[in-house]
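*Asks:* Structure file input_29.csv, CSV, C-alpha atoms and all ligand atoms, is pasted below:
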```csv
chain,number,residue,atom,x,y,z
A,2,MET,CA,-49.9,193.7,-111.3
A,3,ILE,CA,-47.2,194.3,-108.6
A,4,ARG,CA,-44.7,191.5,-108.5
A,5,TYR,CA,-42.6,191.0,-105.5
A,6,SER,CA,-40.1,188.5,-104.1
A,7,VAL,CA,-38.2,187.5,-101.0
A,8,LEU,CA,-35.0,186.8,-102.9
A,9,GLY,CA,-33.5,185.4,-99.7
A,10,SER,CA,-33.5,185.9,-96.0
A,11,GLY,CA,-31.5,184.9,-93.0
A,12,SER,CA,-27.9,185.3,-91.9
A,13,SER,CA,-26.6,184.1,-95.3
A,14,GLY,CA,-28.2,187.0,-97.1
A,15,ASN,CA,-31.3,189.2,-97.3
A,16,SER,CA,-32.8,190.8,-100.3
A,17,TYR,CA,-36.3,191.8,-101.5
A,18,VAL,CA,-37.5,193.2,-104.8
A,19,ILE,CA,-40.8,194.9,-105.7
A,20,SER,CA,-41.6,195.6,-109.4
A,21,TYR,CA,-44.5,197.5,-111.0
A,22,GLU,CA,-44.9,198.7,-114.6
A,23,GLY,CA,-41.2,198.5,-115.5
A,24,THR,CA,-39.9,200.0,-112.3
A,25,SER,CA,-38.1,197.7,-109.8
A,26,LEU,CA,-36.8,198.6,-106.4
A,27,LEU,CA,-34.3,196.4,-104.5
A,28,PHE,CA,-34.2,196.4,-100.7
A,29,ASP,CA,-31.0,195.1,-99.2
A,30,ILE,CA,-28.4,193.1,-101.1
A,31,GLY,CA,-26.8,190.5,-98.8
A,32,PHE,CA,-25.5,188.5,-101.7
A,33,SER,CA,-22.8,188.7,-104.3
A,34,LEU,CA,-23.9,190.4,-107.5
A,35,LYS,CA,-23.7,187.1,-109.4
A,36,GLU,CA,-26.1,185.5,-106.9
A,37,ILE,CA,-28.5,188.4,-106.9
A,38,ARG,CA,-28.5,188.6,-110.7
A,39,TYR,CA,-29.5,184.9,-110.7
A,40,ARG,CA,-32.2,185.3,-108.1
A,41,LEU,CA,-33.6,188.3,-109.8
A,42,ALA,CA,-33.7,186.5,-113.2
A,43,ARG,CA,-35.9,183.8,-111.5
A,44,THR,CA,-38.4,186.6,-110.8
A,45,ASN,CA,-38.1,187.9,-114.4
A,46,VAL,CA,-36.3,191.0,-113.3
A,47,ASP,CA,-33.1,191.9,-115.2
A,48,ILE,CA,-30.6,193.6,-112.8
A,49,ALA,CA,-30.1,196.3,-115.3
A,50,SER,CA,-33.7,197.3,-115.0
A,51,VAL,CA,-33.5,197.8,-111.2
A,52,ASN,CA,-34.0,201.5,-110.6
A,53,ALA,CA,-32.6,201.9,-107.1
A,54,LEU,CA,-31.3,200.0,-104.1
A,55,PHE,CA,-32.4,200.8,-100.5
A,56,ILE,CA,-30.3,199.5,-97.6
A,57,THR,CA,-31.8,198.9,-94.1
A,58,HIS,CA,-28.4,198.7,-92.3
A,59,PHE,CA,-24.8,197.8,-92.8
A,60,HIS,CA,-24.5,194.3,-91.5
A,61,PRO,CA,-23.0,192.2,-94.3
A,62,ASP,CA,-26.1,189.9,-94.6
A,63,HIS,CA,-27.9,193.1,-95.8
A,64,SER,CA,-25.3,195.2,-97.6
A,65,ARG,CA,-22.6,192.8,-98.9
A,66,GLY,CA,-23.3,193.3,-102.6
A,67,ALA,CA,-24.1,197.1,-102.5
A,68,GLY,CA,-20.7,198.3,-103.8
A,69,VAL,CA,-20.5,195.9,-106.8
A,70,PHE,CA,-24.2,196.6,-107.5
A,71,ALA,CA,-23.6,200.4,-107.7
A,72,ARG,CA,-20.4,200.2,-109.7
A,73,GLN,CA,-21.8,197.8,-112.3
A,74,THR,CA,-25.3,199.1,-112.7
A,75,LYS,CA,-24.6,202.8,-112.0
A,76,LYS,CA,-27.9,202.9,-110.1
A,77,PRO,CA,-28.5,205.0,-106.9
A,78,VAL,CA,-28.1,203.4,-103.4
A,79,TYR,CA,-30.3,205.0,-100.8
A,80,VAL,CA,-29.1,205.0,-97.2
A,81,HIS,CA,-29.7,207.1,-94.1
A,82,GLN,CA,-28.2,210.5,-94.5
A,83,GLU,CA,-26.4,210.3,-91.2
A,84,ILE,CA,-24.6,207.2,-92.4
A,85,ILE,CA,-23.0,209.2,-95.2
A,86,GLU,CA,-22.1,212.0,-93.0
A,87,ALA,CA,-20.6,209.7,-90.3
A,88,LYS,CA,-18.6,207.9,-93.0
A,89,ILE,CA,-18.9,204.6,-91.1
A,90,PRO,CA,-16.3,202.0,-92.0
A,91,GLU,CA,-19.0,199.4,-93.0
A,92,LEU,CA,-20.1,201.9,-95.7
A,93,LEU,CA,-16.7,202.9,-96.9
A,94,VAL,CA,-15.5,199.4,-97.3
A,95,LEU,CA,-18.2,198.7,-99.9
A,96,GLY,CA,-16.7,201.3,-102.3
A,97,ILE,CA,-20.1,202.7,-103.5
A,98,PRO,CA,-19.2,205.6,-105.8
A,99,GLU,CA,-20.0,208.9,-104.0
A,100,HIS,CA,-22.2,210.3,-106.7
A,101,LEU,CA,-24.5,207.2,-106.5
A,102,LEU,CA,-25.0,207.5,-102.7
A,103,CYS,CA,-28.3,209.1,-101.9
A,104,GLY,CA,-28.9,210.1,-98.3
A,105,PHE,CA,-32.4,210.5,-97.0
A,106,GLU,CA,-34.1,211.2,-93.7
A,107,PRO,CA,-36.7,208.8,-92.3
A,108,ASP,CA,-39.5,211.3,-92.4
A,109,SER,CA,-38.9,212.4,-96.0
A,110,PRO,CA,-40.4,209.9,-98.5
A,111,VAL,CA,-38.6,209.3,-101.8
A,112,MET,CA,-40.5,209.0,-105.0
A,113,ILE,CA,-39.3,206.7,-107.7
A,114,GLY,CA,-41.6,206.2,-110.6
A,115,PRO,CA,-44.9,204.9,-109.2
A,116,PHE,CA,-43.3,204.1,-105.8
A,117,GLU,CA,-43.2,206.2,-102.7
A,118,VAL,CA,-40.7,204.8,-100.2
A,119,SER,CA,-40.5,206.0,-96.5
A,120,ALA,CA,-38.2,204.8,-93.9
A,121,PHE,CA,-38.5,204.6,-90.1
A,122,PRO,CA,-36.0,203.8,-87.4
A,123,THR,CA,-35.5,200.2,-86.1
A,124,SER,CA,-33.8,199.2,-82.9
A,125,HIS,CA,-30.6,197.3,-83.9
A,126,ASP,CA,-26.9,197.3,-83.2
A,127,SER,CA,-26.0,199.0,-86.5
A,128,PRO,CA,-26.1,202.8,-86.6
A,129,HIS,CA,-29.2,204.4,-88.0
A,130,SER,CA,-30.8,201.1,-89.0
A,131,LEU,CA,-34.1,201.4,-90.9
A,132,GLY,CA,-37.3,199.6,-91.8
A,133,TYR,CA,-39.2,200.6,-94.9
A,134,SER,CA,-42.8,201.2,-95.9
A,135,ILE,CA,-43.5,201.3,-99.6
A,136,SER,CA,-46.6,202.5,-101.4
A,137,VAL,CA,-47.4,201.6,-105.0
A,138,ASN,CA,-50.6,201.5,-107.0
A,139,GLY,CA,-52.7,201.8,-103.8
A,140,ARG,CA,-50.9,199.0,-102.0
A,141,GLU,CA,-48.7,199.2,-98.9
A,142,PHE,CA,-45.6,197.0,-98.3
A,143,LEU,CA,-43.8,196.9,-95.0
A,144,LEU,CA,-40.2,195.6,-94.6
A,145,LEU,CA,-39.3,195.1,-90.9
A,146,THR,CA,-36.4,193.0,-90.0
A,147,ASP,CA,-33.4,193.3,-87.6
A,148,THR,CA,-35.1,195.1,-84.7
A,149,GLY,CA,-34.8,194.1,-81.1
A,150,ARG,CA,-38.0,195.9,-80.2
A,151,THR,CA,-41.3,196.9,-81.8
A,152,ASN,CA,-43.2,200.1,-81.2
A,153,ASN,CA,-46.6,201.8,-82.0
A,154,GLN,CA,-45.3,203.3,-85.2
A,155,MET,CA,-44.4,199.8,-86.4
A,156,LYS,CA,-47.8,198.4,-85.3
A,157,GLU,CA,-49.6,201.2,-87.2
A,158,LYS,CA,-47.6,200.4,-90.3
A,159,ALA,CA,-48.3,196.7,-90.0
A,160,LYS,CA,-52.0,197.5,-89.6
A,161,LYS,CA,-52.1,199.4,-92.9
A,162,ALA,CA,-49.9,197.0,-94.9
A,163,ASP,CA,-51.1,194.6,-97.6
A,164,VAL,CA,-47.8,192.8,-97.7
A,165,ILE,CA,-45.4,192.4,-94.7
A,166,PHE,CA,-41.9,191.1,-94.7
A,167,LEU,CA,-41.3,190.5,-91.0
A,168,GLU,CA,-38.4,189.2,-89.0
A,169,SER,CA,-39.1,186.1,-86.8
A,170,ASN,CA,-35.5,185.4,-85.8
A,171,TYR,CA,-35.4,183.1,-82.8
A,172,GLU,CA,-37.4,181.0,-80.5
A,173,ALA,CA,-36.6,182.2,-77.0
A,174,LYS,CA,-36.1,178.8,-75.5
A,175,MET,CA,-33.9,177.6,-78.3
A,176,LEU,CA,-31.7,180.6,-78.0
A,177,GLU,CA,-31.5,180.3,-74.2
A,178,GLN,CA,-30.6,176.6,-74.3
A,179,GLY,CA,-28.6,176.8,-77.5
A,180,PRO,CA,-24.8,176.8,-78.1
A,181,TYR,CA,-24.2,180.5,-78.5
A,182,PRO,CA,-21.9,182.3,-76.0
A,183,ARG,CA,-23.8,184.1,-73.3
A,184,MET,CA,-22.9,187.6,-74.6
A,185,LEU,CA,-24.2,186.8,-78.1
A,186,LYS,CA,-27.4,185.4,-76.6
A,187,LYS,CA,-27.8,188.7,-74.7
A,188,ARG,CA,-27.2,190.7,-77.9
A,189,ILE,CA,-29.7,188.7,-79.9
A,190,ALA,CA,-32.5,188.9,-77.3
A,191,GLY,CA,-31.6,192.5,-76.3
A,192,GLU,CA,-33.1,195.8,-77.2
A,193,GLN,CA,-30.9,196.2,-80.3
A,194,GLY,CA,-31.0,192.6,-81.4
A,195,HIS,CA,-33.6,190.6,-83.3
A,196,LEU,CA,-37.3,189.8,-83.0
A,197,SER,CA,-38.3,186.5,-81.5
A,198,ASN,CA,-41.1,184.3,-82.8
A,199,HIS,CA,-43.3,185.5,-79.9
A,200,GLU,CA,-42.6,189.2,-80.6
A,201,ALA,CA,-43.3,188.9,-84.3
A,202,ILE,CA,-46.6,187.1,-83.7
A,203,GLN,CA,-47.5,189.7,-81.0
A,204,LEU,CA,-46.9,192.5,-83.5
A,205,LEU,CA,-49.2,190.8,-86.0
A,206,SER,CA,-51.8,190.2,-83.4
A,207,ALA,CA,-51.6,193.7,-82.0
A,208,SER,CA,-51.9,195.2,-85.5
A,209,SER,CA,-54.8,193.0,-86.5
A,210,ASP,CA,-57.9,195.0,-87.3
A,211,CYS,CA,-60.2,192.3,-88.7
A,212,ASN,CA,-61.8,194.7,-91.2
A,213,GLY,CA,-62.2,191.9,-93.7
A,214,ARG,CA,-58.9,192.6,-95.4
A,215,CYS,CA,-56.3,189.8,-95.4
A,216,ARG,CA,-52.6,190.8,-95.1
A,217,ARG,CA,-49.9,188.7,-96.7
A,218,VAL,CA,-47.2,188.1,-94.2
A,219,TYR,CA,-43.8,186.6,-94.9
A,220,LEU,CA,-42.0,185.6,-91.7
A,221,CYS,CA,-38.3,185.7,-92.6
A,222,HIS,CA,-34.7,186.1,-91.3
A,223,LEU,CA,-35.1,182.8,-89.3
A,224,SER,CA,-32.0,181.8,-87.4
A,225,LYS,CA,-30.6,178.4,-88.5
A,226,VAL,CA,-29.4,177.7,-84.9
A,227,ASN,CA,-32.1,179.2,-82.7
A,228,ASN,CA,-35.2,178.7,-84.8
A,229,SER,CA,-36.8,176.4,-87.3
A,230,PRO,CA,-39.8,176.7,-89.7
A,231,GLU,CA,-41.5,173.8,-87.8
A,232,VAL,CA,-41.1,175.5,-84.4
A,233,LEU,CA,-42.4,178.8,-85.8
A,234,LEU,CA,-45.4,177.0,-87.5
A,235,LYS,CA,-46.2,175.5,-84.1
A,236,ARG,CA,-46.2,178.9,-82.5
A,237,LEU,CA,-48.5,180.2,-85.2
A,238,GLN,CA,-51.0,177.5,-84.4
A,239,GLU,CA,-51.1,178.5,-80.8
A,240,LEU,CA,-52.1,182.1,-81.6
A,241,PRO,CA,-53.6,182.2,-85.1
A,242,ILE,CA,-53.7,185.6,-86.8
A,243,LEU,CA,-57.1,185.8,-88.4
A,244,ASP,CA,-56.4,188.6,-90.9
A,245,ALA,CA,-53.1,187.3,-92.3
A,246,GLU,CA,-52.1,184.7,-94.8
A,247,ILE,CA,-48.7,183.7,-93.5
A,248,THR,CA,-45.7,182.2,-95.3
A,249,VAL,CA,-42.8,181.0,-93.2
A,250,CYS,CA,-39.7,181.6,-95.3
A,251,HIS,CA,-37.0,178.9,-95.4
A,252,ASN,CA,-33.6,180.6,-95.7
A,253,SER,CA,-32.5,179.1,-98.9
A,254,ILE,CA,-35.9,179.4,-100.7
A,255,GLN,CA,-37.0,182.3,-102.8
A,256,TYR,CA,-40.6,183.4,-102.6
A,257,LEU,CA,-42.4,185.1,-105.5
A,258,ASP,CA,-45.9,186.4,-105.7
A,259,GLU,CA,-48.0,189.2,-107.2
A,260,ILE,CA,-50.8,191.4,-106.1
A,261,SER,CA,-53.1,193.7,-108.2
A,301,ZN,ZN,-28.4,193.2,-88.7
A,302,ZN,ZN,-29.8,190.6,-90.6
```
Please render this file's structure as structure tokens.
Ligand SMILES: [Zn+2]
Ligand SMILES: [Zn+2]
*Replies:*
Amino acid sequence: MIRYSVLGSGSSGNSYVISYEGTSLLFDIGFSLKEIRYRLARTNVDIASVNALFITHFHPDHSRGAGVFARQTKKPVYVHQEIIEAKIPELLVLGIPEHLLCGFEPDSPVMIGPFEVSAFPTSHDSPHSLGYSISVNGREFLLLTDTGRTNNQMKEKAKKADVIFLESNYEAKMLEQGPYPRMLKKRIAGEQGHLSNHEAIQLLSASSDCNGRCRRVYLCHLSKVNNSPEVLLKRLQELPILDAEITVCHNSIQYLDEIS
């Protein structure tokens, strides 16, 4: 059985874990180590048994705990190779020991135990930001958050995936009429910002292939100010996705499931 969990999502912290036969991979760590230890324990994963951490990008809600994680667990932290070469301040400030930093290129998959992890570029205002596709035991996972735009590569990955963690950050009208300053609104809705409810649903709809398979979709990273689970659920009723079982993730709640 493959066990997986949305340990948390949203601006207060993002993290996901996937475990299979004693190997566990962590994706993003936007929490303190104490918090992540606690959330992992709820999924029956001991932090000491996590084999590696993969980072999508270096905004604190995704990378906050990476330095402490590496120093305490001595486990590798995978990031885009160019991030290491560029020595960006957001990376340096975390204090990840150099020998634990593993750089990789989007087109070269990394094998860890039964897992194969590939990365692909996202469109976000953080250098070399990534999404991940993960294969294990014949199943495909897709992690796609923090992207202002989607493309055909993402659609193809969403089509093949059995489990999708997908950003659904804001409702366009709520952002437009909400309290954020104009520049911030522009940033969020821009090419290097975040995915709206409409865009997330469009991606699912465009990658729907109705071959009898049902994808499990976790819509996550909802803005507390410019979105709400109720509004997103309403949107989903307007354009139902036939081949997806959808969970709308509340920021503070942890979601745990398994798939054979
Ligand atoms: Zn971000
Ligand atoms: Zn984020």
*Asks:* Is there a way to get, as a PyMOL selection string, all residues within 12 Å of the point (-33.3, 177.1, -76.8) in file coordinates, counting all atoms listed in the file?
*Replies:* chain A and resi 171-181+186+190+197+224+226-229+232
*Asks:* Would you tabulate, counting all atoms listed in the file, all residues of chain A that have an atom at most 9 Å from an atom of ligand ZN 302 (chain A), showing the closest pair of atoms and their distance in Å to one decimal, sorted by chain then ascending number, as CSV?
*Replies:*
```
residue,atom,partner,partner_atom,distance
A:Ser10,CA,A:ZN302,ZN,8.1
A:Gly11,CA,A:ZN302,ZN,6.4
A:Ser12,CA,A:ZN302,ZN,5.8
A:Ser13,CA,A:ZN302,ZN,8.6
A:Gly14,CA,A:ZN302,ZN,7.6
A:Asn15,CA,A:ZN302,ZN,7.0
A:Gly31,CA,A:ZN302,ZN,8.7
A:His58,CA,A:ZN302,ZN,8.4
A:His60,CA,A:ZN302,ZN,6.5
A:Pro61,CA,A:ZN302,ZN,7.9
A:Asp62,CA,A:ZN302,ZN,5.5
A:His63,CA,A:ZN302,ZN,6.1
A:Thr146,CA,A:ZN302,ZN,7.0
A:Asp147,CA,A:ZN302,ZN,5.4
A:Glu168,CA,A:ZN302,ZN,8.9
A:His195,CA,A:ZN302,ZN,8.2
A:His222,CA,A:ZN302,ZN,6.7
```
*Asks:* Return the single residue from A:Leu143, A:Ala49, A:Leu41, A:Val164 that is closest to Asp244 in chain A, with distances computed using all atoms listed in the file.
*Replies:* A:Val164
*Asks:* Taking all atoms listed in the file into account, which of A:Ile48, A:Ala67, A:Ala201, A:Ile189 comes nearest ligand ZN 301 (chain A)?
*Replies:* A:Ile189
*Asks:* So, with all atoms listed in the file as the atoms that count, which of A:Val18, A:Ala120, A:Leu240, A:Lys75 lies closest to Asn198 in chain A?
*Replies:* A:Leu240
*Asks:* With all atoms listed in the file as the basis for distance, which of A:Val80, A:Cys250, A:Val111, A:Val51 is at the shortest distance from Glu231 in chain A?
*Replies:* A:Cys250
*Asks:* In Å to one decimal, how far is CA of Val7 in chain A from CA of Lys225 in chain A?
*Replies:*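 Calculated distance between CA of Lys225 in chain A and CA of Val7 in chain A is 17.2 Å.
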